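Asker: Sharing start03.pdb below, PDB, N, CA and C atoms and all ligand atoms:
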```pdb
ATOM      1  N   MET A   1       0.856  -1.204   0.000
ATOM      2  CA  MET A   1       0.000   0.000   0.000
ATOM      3  C   MET A   1       0.889   1.250   0.000
ATOM      4  N   LYS A   2       0.469   2.206  -0.860
ATOM      5  CA  LYS A   2       1.245   3.450  -0.886
ATOM      6  C   LYS A   2       0.951   4.251   0.382
ATOM      7  N   ARG A   3       1.886   5.065   0.757
ATOM      8  CA  ARG A   3       1.754   5.827   2.002
ATOM      9  C   ARG A   3       0.461   6.647   2.039
ATOM     10  N   GLU A   4       0.085   7.316   0.894
ATOM     11  CA  GLU A   4      -1.099   8.185   0.888
ATOM     12  C   GLU A   4      -2.417   7.396   0.925
ATOM     13  N   GLU A   5      -2.371   6.081   0.642
ATOM     14  CA  GLU A   5      -3.601   5.256   0.703
ATOM     15  C   GLU A   5      -3.894   4.767   2.124
ATOM     16  N   PHE A   6      -2.947   4.863   2.988
ATOM     17  CA  PHE A   6      -3.112   4.353   4.347
ATOM     18  C   PHE A   6      -4.044   5.271   5.164
ATOM     19  N   ASP A   7      -5.125   4.654   5.658
ATOM     20  CA  ASP A   7      -6.086   5.436   6.449
ATOM     21  C   ASP A   7      -5.877   5.097   7.928
ATOM     22  N   PRO A   8      -5.377   6.029   8.691
ATOM     23  CA  PRO A   8      -5.071   5.704  10.091
ATOM     24  C   PRO A   8      -6.318   5.532  10.976
ATOM     25  N   LYS A   9      -7.532   5.914  10.460
ATOM     26  CA  LYS A   9      -8.742   5.779  11.309
ATOM     27  C   LYS A   9      -9.194   4.320  11.330
ATOM     28  N   PRO A  10      -9.468   3.738  12.465
ATOM     29  CA  PRO A  10      -9.976   2.369  12.481
ATOM     30  C   PRO A  10     -11.364   2.313  11.836
ATOM     31  N   ALA A  11     -11.708   1.183  11.189
ATOM     32  CA  ALA A  11     -13.010   1.041  10.531
ATOM     33  C   ALA A  11     -14.137   1.191  11.551
ATOM     34  N   PHE A  12     -13.971   0.604  12.715
ATOM     35  CA  PHE A  12     -14.975   0.738  13.780
ATOM     36  C   PHE A  12     -14.289   1.311  14.996
ATOM     37  N   GLN A  13     -14.943   2.276  15.574
ATOM     38  CA  GLN A  13     -14.349   2.894  16.757
ATOM     39  C   GLN A  13     -15.182   2.505  17.976
ATOM     40  N   ALA A  14     -14.541   2.074  19.021
ATOM     41  CA  ALA A  14     -15.274   1.720  20.234
ATOM     42  C   ALA A  14     -16.057   2.948  20.698
ATOM     43  N   GLN A  15     -17.324   2.727  21.094
ATOM     44  CA  GLN A  15     -18.156   3.843  21.546
ATOM     45  C   GLN A  15     -17.747   4.260  22.948
ATOM     46  N   THR A  16     -17.110   5.392  23.023
ATOM     47  CA  THR A  16     -16.803   5.936  24.351
ATOM     48  C   THR A  16     -17.682   7.172  24.516
ATOM     49  N   SER A  17     -18.965   6.909  24.847
ATOM     50  CA  SER A  17     -19.939   7.990  24.907
ATOM     51  C   SER A  17     -19.706   8.858  26.129
ATOM     52  N   THR A  18     -19.752  10.156  25.904
ATOM     53  CA  THR A  18     -19.643  11.080  27.037
ATOM     54  C   THR A  18     -21.000  11.715  27.327
ATOM     55  N   LYS A  19     -22.047  11.269  26.584
ATOM     56  CA  LYS A  19     -23.384  11.830  26.812
ATOM     57  C   LYS A  19     -23.913  11.342  28.152
ATOM     58  N   THR A  20     -24.578  12.230  28.888
ATOM     59  CA  THR A  20     -25.189  11.788  30.146
ATOM     60  C   THR A  20     -26.466  11.022  29.813
ATOM     61  N   PRO A  21     -26.725   9.893  30.493
ATOM     62  CA  PRO A  21     -27.907   9.103  30.159
ATOM     63  C   PRO A  21     -29.188   9.865  30.477
ATOM     64  N   ARG A  22     -30.218   9.591  29.682
ATOM     65  CA  ARG A  22     -31.507  10.239  29.847
ATOM     66  C   ARG A  22     -32.096   9.936  31.220
ATOM     67  N   LYS A  23     -32.781  10.905  31.767
ATOM     68  CA  LYS A  23     -33.485  10.710  33.036
ATOM     69  C   LYS A  23     -34.980  10.573  32.758
ATOM     70  N   TYR A  24     -35.660   9.957  33.706
ATOM     71  CA  TYR A  24     -37.114   9.738  33.561
ATOM     72  C   TYR A  24     -37.843  10.252  34.792
ATOM     73  N   GLN A  25     -38.989  10.867  34.513
ATOM     74  CA  GLN A  25     -39.818  11.352  35.596
ATOM     75  C   GLN A  25     -40.883  10.296  35.910
ATOM     76  N   VAL A  26     -41.048  10.008  37.179
ATOM     77  CA  VAL A  26     -42.109   9.089  37.594
ATOM     78  C   VAL A  26     -43.299   9.947  38.028
ATOM     79  N   ILE A  27     -44.473   9.585  37.511
ATOM     80  CA  ILE A  27     -45.676  10.409  37.661
ATOM     81  C   ILE A  27     -46.832   9.561  38.183
ATOM     82  N   LEU A  28     -47.616  10.135  39.100
ATOM     83  CA  LEU A  28     -48.848   9.476  39.541
ATOM     84  C   LEU A  28     -50.028  10.188  38.894
ATOM     85  N   LEU A  29     -51.023   9.396  38.486
ATOM     86  CA  LEU A  29     -52.222   9.946  37.858
ATOM     87  C   LEU A  29     -53.385   9.905  38.850
ATOM     88  N   ASN A  30     -54.274  10.874  38.709
ATOM     89  CA  ASN A  30     -55.455  10.904  39.566
ATOM     90  C   ASN A  30     -56.469   9.856  39.119
ATOM     91  N   ASP A  31     -57.283   9.410  40.047
ATOM     92  CA  ASP A  31     -58.467   8.597  39.733
ATOM     93  C   ASP A  31     -59.497   8.909  40.816
ATOM     94  N   ASP A  32     -60.692   8.385  40.658
ATOM     95  CA  ASP A  32     -61.767   8.744  41.593
ATOM     96  C   ASP A  32     -61.871   7.808  42.796
ATOM     97  N   TYR A  33     -61.071   6.756  42.840
ATOM     98  CA  TYR A  33     -61.316   5.693  43.829
ATOM     99  C   TYR A  33     -60.206   5.470  44.849
ATOM    100  N   THR A  34     -58.952   5.701  44.444
ATOM    101  CA  THR A  34     -57.851   5.427  45.388
ATOM    102  C   THR A  34     -57.952   6.389  46.578
ATOM    103  N   PRO A  35     -57.938   5.870  47.817
ATOM    104  CA  PRO A  35     -58.025   6.766  48.976
ATOM    105  C   PRO A  35     -56.816   7.712  49.062
ATOM    106  N   MET A  36     -57.088   8.937  49.518
ATOM    107  CA  MET A  36     -56.016   9.942  49.636
ATOM    108  C   MET A  36     -54.889   9.459  50.550
ATOM    109  N   ASP A  37     -55.255   8.821  51.656
ATOM    110  CA  ASP A  37     -54.237   8.334  52.612
ATOM    111  C   ASP A  37     -53.311   7.314  51.972
ATOM    112  N   PHE A  38     -53.889   6.507  51.071
ATOM    113  CA  PHE A  38     -53.077   5.482  50.393
ATOM    114  C   PHE A  38     -52.036   6.148  49.498
ATOM    115  N   VAL A  39     -52.423   7.224  48.803
ATOM    116  CA  VAL A  39     -51.504   7.943  47.913
ATOM    117  C   VAL A  39     -50.390   8.598  48.742
ATOM    118  N   VAL A  40     -50.766   9.175  49.866
ATOM    119  CA  VAL A  40     -49.758   9.796  50.750
ATOM    120  C   VAL A  40     -48.769   8.731  51.229
ATOM    121  N   GLU A  41     -49.290   7.567  51.586
ATOM    122  CA  GLU A  41     -48.435   6.447  52.038
ATOM    123  C   GLU A  41     -47.447   6.030  50.923
ATOM    124  N   ILE A  42     -47.964   5.962  49.693
ATOM    125  CA  ILE A  42     -47.111   5.604  48.540
ATOM    126  C   ILE A  42     -45.980   6.624  48.381
ATOM    127  N   LEU A  43     -46.338   7.896  48.437
ATOM    128  CA  LEU A  43     -45.330   8.954  48.222
ATOM    129  C   LEU A  43     -44.260   8.920  49.319
ATOM    130  N   MET A  44     -44.677   8.628  50.543
ATOM    131  CA  MET A  44     -43.710   8.560  51.646
ATOM    132  C   MET A  44     -42.825   7.314  51.520
ATOM    133  N   ASN A  45     -43.445   6.179  51.210
ATOM    134  CA  ASN A  45     -42.701   4.908  51.281
ATOM    135  C   ASN A  45     -41.910   4.568  50.027
ATOM    136  N   PHE A  46     -42.422   4.976  48.857
ATOM    137  CA  PHE A  46     -41.710   4.626  47.618
ATOM    138  C   PHE A  46     -40.862   5.786  47.097
ATOM    139  N   PHE A  47     -41.193   7.018  47.518
ATOM    140  CA  PHE A  47     -40.475   8.176  46.967
ATOM    141  C   PHE A  47     -39.803   9.006  48.065
ATOM    142  N   ASN A  48     -39.768   8.445  49.267
ATOM    143  CA  ASN A  48     -39.032   9.048  50.394
ATOM    144  C   ASN A  48     -39.400  10.501  50.658
ATOM    145  N   MET A  49     -40.668  10.841  50.455
ATOM    146  CA  MET A  49     -41.096  12.220  50.756
ATOM    147  C   MET A  49     -41.543  12.300  52.211
ATOM    148  N   SER A  50     -41.458  13.502  52.759
ATOM    149  CA  SER A  50     -41.976  13.740  54.112
ATOM    150  C   SER A  50     -43.503  13.675  54.061
ATOM    151  N   GLY A  51     -44.132  13.588  55.227
ATOM    152  CA  GLY A  51     -45.594  13.589  55.304
ATOM    153  C   GLY A  51     -46.175  14.850  54.687
ATOM    154  N   GLU A  52     -45.500  15.968  54.944
ATOM    155  CA  GLU A  52     -45.991  17.260  54.445
ATOM    156  C   GLU A  52     -45.911  17.333  52.908
ATOM    157  N   SER A  53     -44.741  16.973  52.352
ATOM    158  CA  SER A  53     -44.581  16.996  50.883
ATOM    159  C   SER A  53     -45.541  16.014  50.229
ATOM    160  N   SER A  54     -45.697  14.832  50.826
ATOM    161  CA  SER A  54     -46.585  13.812  50.260
ATOM    162  C   SER A  54     -48.010  14.328  50.178
ATOM    163  N   THR A  55     -48.434  15.013  51.237
ATOM    164  CA  THR A  55     -49.800  15.541  51.261
ATOM    165  C   THR A  55     -49.962  16.616  50.185
ATOM    166  N   GLN A  56     -48.950  17.472  50.036
ATOM    167  CA  GLN A  56     -49.005  18.526  48.998
ATOM    168  C   GLN A  56     -49.080  17.919  47.599
ATOM    169  N   VAL A  57     -48.223  16.921  47.347
ATOM    170  CA  VAL A  57     -48.189  16.299  46.008
ATOM    171  C   VAL A  57     -49.510  15.566  45.747
ATOM    172  N   MET A  58     -50.031  14.880  46.767
ATOM    173  CA  MET A  58     -51.306  14.166  46.606
ATOM    174  C   MET A  58     -52.414  15.151  46.203
ATOM    175  N   TRP A  59     -52.453  16.332  46.871
ATOM    176  CA  TRP A  59     -53.484  17.337  46.542
ATOM    177  C   TRP A  59     -53.294  17.876  45.136
ATOM    178  N   GLN A  60     -52.030  18.060  44.757
ATOM    179  CA  GLN A  60     -51.726  18.537  43.396
ATOM    180  C   GLN A  60     -52.261  17.535  42.370
ATOM    181  N   ILE A  61     -52.046  16.228  42.622
ATOM    182  CA  ILE A  61     -52.544  15.196  41.690
ATOM    183  C   ILE A  61     -54.073  15.217  41.674
ATOM    184  N   HIS A  62     -54.663  15.299  42.862
ATOM    185  CA  HIS A  62     -56.125  15.281  42.989
ATOM    186  C   HIS A  62     -56.765  16.449  42.245
ATOM    187  N   THR A  63     -56.140  17.615  42.278
ATOM    188  CA  THR A  63     -56.744  18.807  41.656
ATOM    189  C   THR A  63     -56.313  19.012  40.199
ATOM    190  N   LYS A  64     -55.072  18.598  39.859
ATOM    191  CA  LYS A  64     -54.553  18.873  38.502
ATOM    192  C   LYS A  64     -54.553  17.643  37.600
ATOM    193  N   GLY A  65     -54.740  16.465  38.197
ATOM    194  CA  GLY A  65     -54.822  15.243  37.371
ATOM    195  C   GLY A  65     -53.569  14.401  37.364
ATOM    196  N   ARG A  66     -52.442  15.000  37.688
ATOM    197  CA  ARG A  66     -51.172  14.252  37.715
ATOM    198  C   ARG A  66     -50.147  15.003  38.553
ATOM    199  N   GLY A  67     -49.131  14.279  38.969
ATOM    200  CA  GLY A  67     -48.088  14.927  39.767
ATOM    201  C   GLY A  67     -46.792  14.151  39.713
ATOM    202  N   LYS A  68     -45.676  14.901  39.832
ATOM    203  CA  LYS A  68     -44.334  14.315  39.755
ATOM    204  C   LYS A  68     -43.918  13.734  41.107
ATOM    205  N   CYS A  69     -43.379  12.527  41.044
ATOM    206  CA  CYS A  69     -42.908  11.877  42.266
ATOM    207  C   CYS A  69     -41.394  11.955  42.388
ATOM    208  N   GLY A  70     -40.693  12.053  41.245
ATOM    209  CA  GLY A  70     -39.237  12.115  41.282
ATOM    210  C   GLY A  70     -38.653  11.869  39.912
ATOM    211  N   THR A  71     -37.352  12.136  39.787
ATOM    212  CA  THR A  71     -36.623  11.952  38.524
ATOM    213  C   THR A  71     -35.486  10.969  38.775
ATOM    214  N   TYR A  72     -35.412   9.940  37.910
ATOM    215  CA  TYR A  72     -34.490   8.824  38.155
ATOM    216  C   TYR A  72     -33.868   8.337  36.847
ATOM    217  N   SER A  73     -32.875   7.484  36.970
ATOM    218  CA  SER A  73     -32.344   6.762  35.801
ATOM    219  C   SER A  73     -33.456   5.838  35.286
ATOM    220  N   LYS A  74     -33.301   5.348  34.051
ATOM    221  CA  LYS A  74     -34.339   4.496  33.445
ATOM    222  C   LYS A  74     -34.650   3.269  34.318
ATOM    223  N   ASP A  75     -33.601   2.596  34.765
ATOM    224  CA  ASP A  75     -33.789   1.368  35.553
ATOM    225  C   ASP A  75     -34.543   1.637  36.846
ATOM    226  N   VAL A  76     -34.144   2.684  37.533
ATOM    227  CA  VAL A  76     -34.775   2.988  38.820
ATOM    228  C   VAL A  76     -36.228   3.408  38.591
ATOM    229  N   ALA A  77     -36.472   4.238  37.559
ATOM    230  CA  ALA A  77     -37.853   4.678  37.254
ATOM    231  C   ALA A  77     -38.730   3.472  36.932
ATOM    232  N   GLU A  78     -38.227   2.543  36.109
ATOM    233  CA  GLU A  78     -39.012   1.342  35.745
ATOM    234  C   GLU A  78     -39.349   0.517  36.982
ATOM    235  N   THR A  79     -38.368   0.387  37.854
ATOM    236  CA  THR A  79     -38.584  -0.407  39.073
ATOM    237  C   THR A  79     -39.642   0.241  39.955
ATOM    238  N   LYS A  80     -39.565   1.568  40.120
ATOM    239  CA  LYS A  80     -40.536   2.274  40.971
ATOM    240  C   LYS A  80     -41.938   2.123  40.390
ATOM    241  N   VAL A  81     -42.068   2.301  39.064
ATOM    242  CA  VAL A  81     -43.381   2.179  38.408
ATOM    243  C   VAL A  81     -43.965   0.785  38.675
ATOM    244  N   HIS A  82     -43.148  -0.251  38.513
ATOM    245  CA  HIS A  82     -43.638  -1.619  38.746
ATOM    246  C   HIS A  82     -44.034  -1.831  40.198
ATOM    247  N   LEU A  83     -43.174  -1.398  41.102
ATOM    248  CA  LEU A  83     -43.443  -1.624  42.530
ATOM    249  C   LEU A  83     -44.732  -0.923  42.956
ATOM    250  N   VAL A  84     -44.906   0.332  42.508
ATOM    251  CA  VAL A  84     -46.095   1.104  42.913
ATOM    252  C   VAL A  84     -47.360   0.491  42.308
ATOM    253  N   ASN A  85     -47.328   0.163  41.008
ATOM    254  CA  ASN A  85     -48.523  -0.412  40.377
ATOM    255  C   ASN A  85     -48.873  -1.774  40.992
ATOM    256  N   ASP A  86     -47.869  -2.598  41.270
ATOM    257  CA  ASP A  86     -48.121  -3.903  41.918
ATOM    258  C   ASP A  86     -48.720  -3.709  43.310
ATOM    259  N   TYR A  87     -48.136  -2.768  44.039
ATOM    260  CA  TYR A  87     -48.609  -2.521  45.412
ATOM    261  C   TYR A  87     -50.069  -2.051  45.397
ATOM    262  N   ALA A  88     -50.377  -1.123  44.461
ATOM    263  CA  ALA A  88     -51.748  -0.609  44.349
ATOM    264  C   ALA A  88     -52.711  -1.746  43.963
ATOM    265  N   ARG A  89     -52.327  -2.560  43.008
ATOM    266  CA  ARG A  89     -53.191  -3.669  42.569
ATOM    267  C   ARG A  89     -53.383  -4.677  43.701
ATOM    268  N   ASN A  90     -52.332  -4.966  44.447
ATOM    269  CA  ASN A  90     -52.446  -5.907  45.583
ATOM    270  C   ASN A  90     -53.412  -5.389  46.641
ATOM    271  N   HIS A  91     -53.568  -4.062  46.702
ATOM    272  CA  HIS A  91     -54.518  -3.463  47.651
ATOM    273  C   HIS A  91     -55.843  -3.104  46.958
ATOM    274  N   GLU A  92     -55.986  -3.551  45.727
ATOM    275  CA  GLU A  92     -57.224  -3.380  44.954
ATOM    276  C   GLU A  92     -57.605  -1.920  44.740
ATOM    277  N   HIS A  93     -56.572  -1.088  44.484
ATOM    278  CA  HIS A  93     -56.809   0.310  44.116
ATOM    279  C   HIS A  93     -56.376   0.509  42.660
ATOM    280  N   PRO A  94     -57.074   1.407  41.934
ATOM    281  CA  PRO A  94     -56.749   1.591  40.510
ATOM    282  C   PRO A  94     -55.620   2.587  40.238
ATOM    283  N   LEU A  95     -54.949   3.059  41.279
ATOM    284  CA  LEU A  95     -53.866   4.051  41.141
ATOM    285  C   LEU A  95     -52.920   3.682  39.998
ATOM    286  N   MET A  96     -52.597   4.682  39.164
ATOM    287  CA  MET A  96     -51.699   4.466  38.020
ATOM    288  C   MET A  96     -50.412   5.270  38.171
ATOM    289  N   CYS A  97     -49.296   4.575  38.048
ATOM    290  CA  CYS A  97     -47.978   5.213  38.080
ATOM    291  C   CYS A  97     -47.349   5.005  36.707
ATOM    292  N   ILE A  98     -46.817   6.085  36.128
ATOM    293  CA  ILE A  98     -46.200   6.005  34.793
ATOM    294  C   ILE A  98     -44.842   6.702  34.830
ATOM    295  N   MET A  99     -44.067   6.526  33.748
ATOM    296  CA  MET A  99     -42.801   7.271  33.628
ATOM    297  C   MET A  99     -42.739   7.947  32.274
ATOM    298  N   GLU A 100     -42.050   9.087  32.232
ATOM    299  CA  GLU A 100     -41.900   9.854  30.988
ATOM    300  C   GLU A 100     -40.462  10.354  30.910
ATOM    301  N   PRO A 101     -39.896  10.422  29.692
ATOM    302  CA  PRO A 101     -38.557  11.010  29.575
ATOM    303  C   PRO A 101     -38.562  12.434  30.144
ATOM    304  N   TYR A 102     -37.517  12.724  30.888
ATOM    305  CA  TYR A 102     -37.424  14.046  31.520
ATOM    306  C   TYR A 102     -37.040  15.091  30.495
ATOM    307  N   GLN A 103     -37.842  16.154  30.398
ATOM    308  CA  GLN A 103     -37.531  17.303  29.526
ATOM    309  C   GLN A 103     -37.022  18.409  30.440
ATOM    310  N   ASN A 104     -35.894  18.981  30.087
ATOM    311  CA  ASN A 104     -35.288  19.995  30.952
ATOM    312  C   ASN A 104     -36.219  21.143  31.281
ATOM    313  N   ASP A 105     -37.117  21.480  30.308
ATOM    314  CA  ASP A 105     -37.969  22.656  30.497
ATOM    315  C   ASP A 105     -39.267  22.315  31.220
ATOM    316  N   SER A 106     -39.485  21.055  31.600
ATOM    317  CA  SER A 106     -40.779  20.726  32.242
ATOM    318  C   SER A 106     -40.730  20.901  33.759
TER     319      SER A 106
HETATM  320  N1  LIG B 201     -58.893  11.512  43.707
HETATM  321  C1  LIG B 201     -58.723  10.553  44.786
HETATM  322  C2  LIG B 201     -59.849  10.690  45.766
HETATM  323  O1  LIG B 201     -60.602  11.645  45.723
HETATM  324  C3  LIG B 201     -57.374  10.754  45.498
HETATM  325  C4  LIG B 201     -56.208  10.488  44.624
HETATM  326  C5  LIG B 201     -55.118  11.342  44.681
HETATM  327  C6  LIG B 201     -56.144   9.380  43.796
HETATM  328  C7  LIG B 201     -53.982  11.118  43.905
HETATM  329  C8  LIG B 201     -55.036   9.124  42.987
HETATM  330  O2  LIG B 201     -52.826   9.733  42.316
HETATM  331  C9  LIG B 201     -53.953   9.994  43.057
HETATM  332  N2  LIG B 201     -59.980   9.727  46.669
END
```
Could you render the structure from this file as structure tokens?
Ligand code: TYC
Answerer:
Amino acid sequence: MKREEFDPKPAFQAQTSTKTPRKYQVILLNDDYTPMDFVVEILMNFFNMSGESSTQVMWQIHTKGRGKCGTYSKDVAETKVHLVNDYARNHEHPLMCIMEPYQNDS
């Protein structure tokens, strides 16, 4: 091979990503049946909120239709969503927990 034909770049370059991984927001949705105390208990036990913050967030969900519980990595958000929905179903409440990609401006 002539010197000028030699391409020093490897055909495949190992991905050394410096991008920060996407975060996800865990959200609770309002419904007409889940008791308020149960929602406060969920916020305290699964999202480590104080009694006061839990009560505020519960009221926000009750009046606005939805509320943020926290922002986590994908794995942690998925786990929280599963744990909360399973816990609610085991107690026969229709409470819905979902996750959404975190938007910086939201
Ligand atoms: N709206 C429910 C009620 O009046 C309370 C509630 C709050 C339910 C928050 C779900 O995510 C929720 N009992």
Asker: One decimal, Å: what's the distance from atom C of Glu92 in chain A over to atom C of Lys74 in chain A, could you say?
Answerer: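 Interatomic distance, atom C of Glu92 in chain A to atom C of Lys74 in chain A: 25.7 Å.
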Asker: Give as JSON, numbers by chain the residues that the PyMOL selection byres (((not hetatm)) within 5 of (chain B and resi 201)) matches when applied to the coordinates above.
Answerer: {"A": [28, 29, 30, 31, 32, 33, 34, 35, 36, 58, 61, 62]}
Asker: How many Å separate atom N of Met44 in chain A from atom C of Glu100 in chain A?
Answerer: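 Computing it gives 20.2 Å between the two atoms.
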Asker: So which bits of chain A end up helix (DSSP H, G or I) when you DSSP the backbone, as a PyMOL selection string?
Answerer: chain A and resi 3-5+36-47+51-64+74-90
Asker: Could you check how far atom N of Glu41 in chain A sits from atom N of Ser54 in chain A, in Å to one decimal?
Answerer: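 About the pair atom N of Glu41 in chain A and atom N of Ser54 in chain A: they are 8.1 Å apart.
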Asker: For the structure shown, which residues end up in the PyMOL selection byres (((chain A and resi 46 and name CA) around 10) and not hetatm and name CA)? Put them as a list in words, please?
Answerer: Glu41, Ile42, Leu43, Met44, Asn45, Phe47, Asn48, Met49, Cys69, Lys80, Val81, Leu83 and Val84 of chain A
Asker: Could you find all residues in chain A that DSSP calls strand (DSSP E or B) from the backbone, and write them as an mmCIF file with N, CA and C atoms, keeping the file's coordinate frame?
Answerer:
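Generated output (selection30.cif):
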```
data_model
loop_
_atom_site.group_PDB
_atom_site.id
_atom_site.type_symbol
_atom_site.label_atom_id
_atom_site.label_comp_id
_atom_site.auth_asym_id
_atom_site.auth_seq_id
_atom_site.Cartn_x
_atom_site.Cartn_y
_atom_site.Cartn_z
ATOM 1 N N LYS A 23 -32.781 10.905 31.767
ATOM 2 C CA LYS A 23 -33.485 10.710 33.036
ATOM 3 C C LYS A 23 -34.980 10.573 32.758
ATOM 4 N N TYR A 24 -35.660 9.957 33.706
ATOM 5 C CA TYR A 24 -37.114 9.738 33.561
ATOM 6 C C TYR A 24 -37.843 10.252 34.792
ATOM 7 N N GLN A 25 -38.989 10.867 34.513
ATOM 8 C CA GLN A 25 -39.818 11.352 35.596
ATOM 9 C C GLN A 25 -40.883 10.296 35.910
ATOM 10 N N VAL A 26 -41.048 10.008 37.179
ATOM 11 C CA VAL A 26 -42.109 9.089 37.594
ATOM 12 C C VAL A 26 -43.299 9.947 38.028
ATOM 13 N N ILE A 27 -44.473 9.585 37.511
ATOM 14 C CA ILE A 27 -45.676 10.409 37.661
ATOM 15 C C ILE A 27 -46.832 9.561 38.183
ATOM 16 N N LEU A 28 -47.616 10.135 39.100
ATOM 17 C CA LEU A 28 -48.848 9.476 39.541
ATOM 18 C C LEU A 28 -50.028 10.188 38.894
ATOM 19 N N LEU A 29 -51.023 9.396 38.486
ATOM 20 C CA LEU A 29 -52.222 9.946 37.858
ATOM 21 C C LEU A 29 -53.385 9.905 38.850
ATOM 22 N N ARG A 66 -52.442 15.000 37.688
ATOM 23 C CA ARG A 66 -51.172 14.252 37.715
ATOM 24 C C ARG A 66 -50.147 15.003 38.553
ATOM 25 N N GLY A 67 -49.131 14.279 38.969
ATOM 26 C CA GLY A 67 -48.088 14.927 39.767
ATOM 27 C C GLY A 67 -46.792 14.151 39.713
ATOM 28 N N LYS A 68 -45.676 14.901 39.832
ATOM 29 C CA LYS A 68 -44.334 14.315 39.755
ATOM 30 C C LYS A 68 -43.918 13.734 41.107
ATOM 31 N N CYS A 69 -43.379 12.527 41.044
ATOM 32 C CA CYS A 69 -42.908 11.877 42.266
ATOM 33 C C CYS A 69 -41.394 11.955 42.388
ATOM 34 N N GLY A 70 -40.693 12.053 41.245
ATOM 35 C CA GLY A 70 -39.237 12.115 41.282
ATOM 36 C C GLY A 70 -38.653 11.869 39.912
ATOM 37 N N THR A 71 -37.352 12.136 39.787
ATOM 38 C CA THR A 71 -36.623 11.952 38.524
ATOM 39 C C THR A 71 -35.486 10.969 38.775
ATOM 40 N N TYR A 72 -35.412 9.940 37.910
ATOM 41 C CA TYR A 72 -34.490 8.824 38.155
ATOM 42 C C TYR A 72 -33.868 8.337 36.847
ATOM 43 N N SER A 73 -32.875 7.484 36.970
ATOM 44 C CA SER A 73 -32.344 6.762 35.801
ATOM 45 C C SER A 73 -33.456 5.838 35.286
ATOM 46 N N MET A 96 -52.597 4.682 39.164
ATOM 47 C CA MET A 96 -51.699 4.466 38.020
ATOM 48 C C MET A 96 -50.412 5.270 38.171
ATOM 49 N N CYS A 97 -49.296 4.575 38.048
ATOM 50 C CA CYS A 97 -47.978 5.213 38.080
ATOM 51 C C CYS A 97 -47.349 5.005 36.707
ATOM 52 N N ILE A 98 -46.817 6.085 36.128
ATOM 53 C CA ILE A 98 -46.200 6.005 34.793
ATOM 54 C C ILE A 98 -44.842 6.702 34.830
ATOM 55 N N MET A 99 -44.067 6.526 33.748
ATOM 56 C CA MET A 99 -42.801 7.271 33.628
ATOM 57 C C MET A 99 -42.739 7.947 32.274
ATOM 58 N N GLU A 100 -42.050 9.087 32.232
ATOM 59 C CA GLU A 100 -41.900 9.854 30.988
ATOM 60 C C GLU A 100 -40.462 10.354 30.910
ATOM 61 N N PRO A 101 -39.896 10.422 29.692
ATOM 62 C CA PRO A 101 -38.557 11.010 29.575
ATOM 63 C C PRO A 101 -38.562 12.434 30.144
#
```
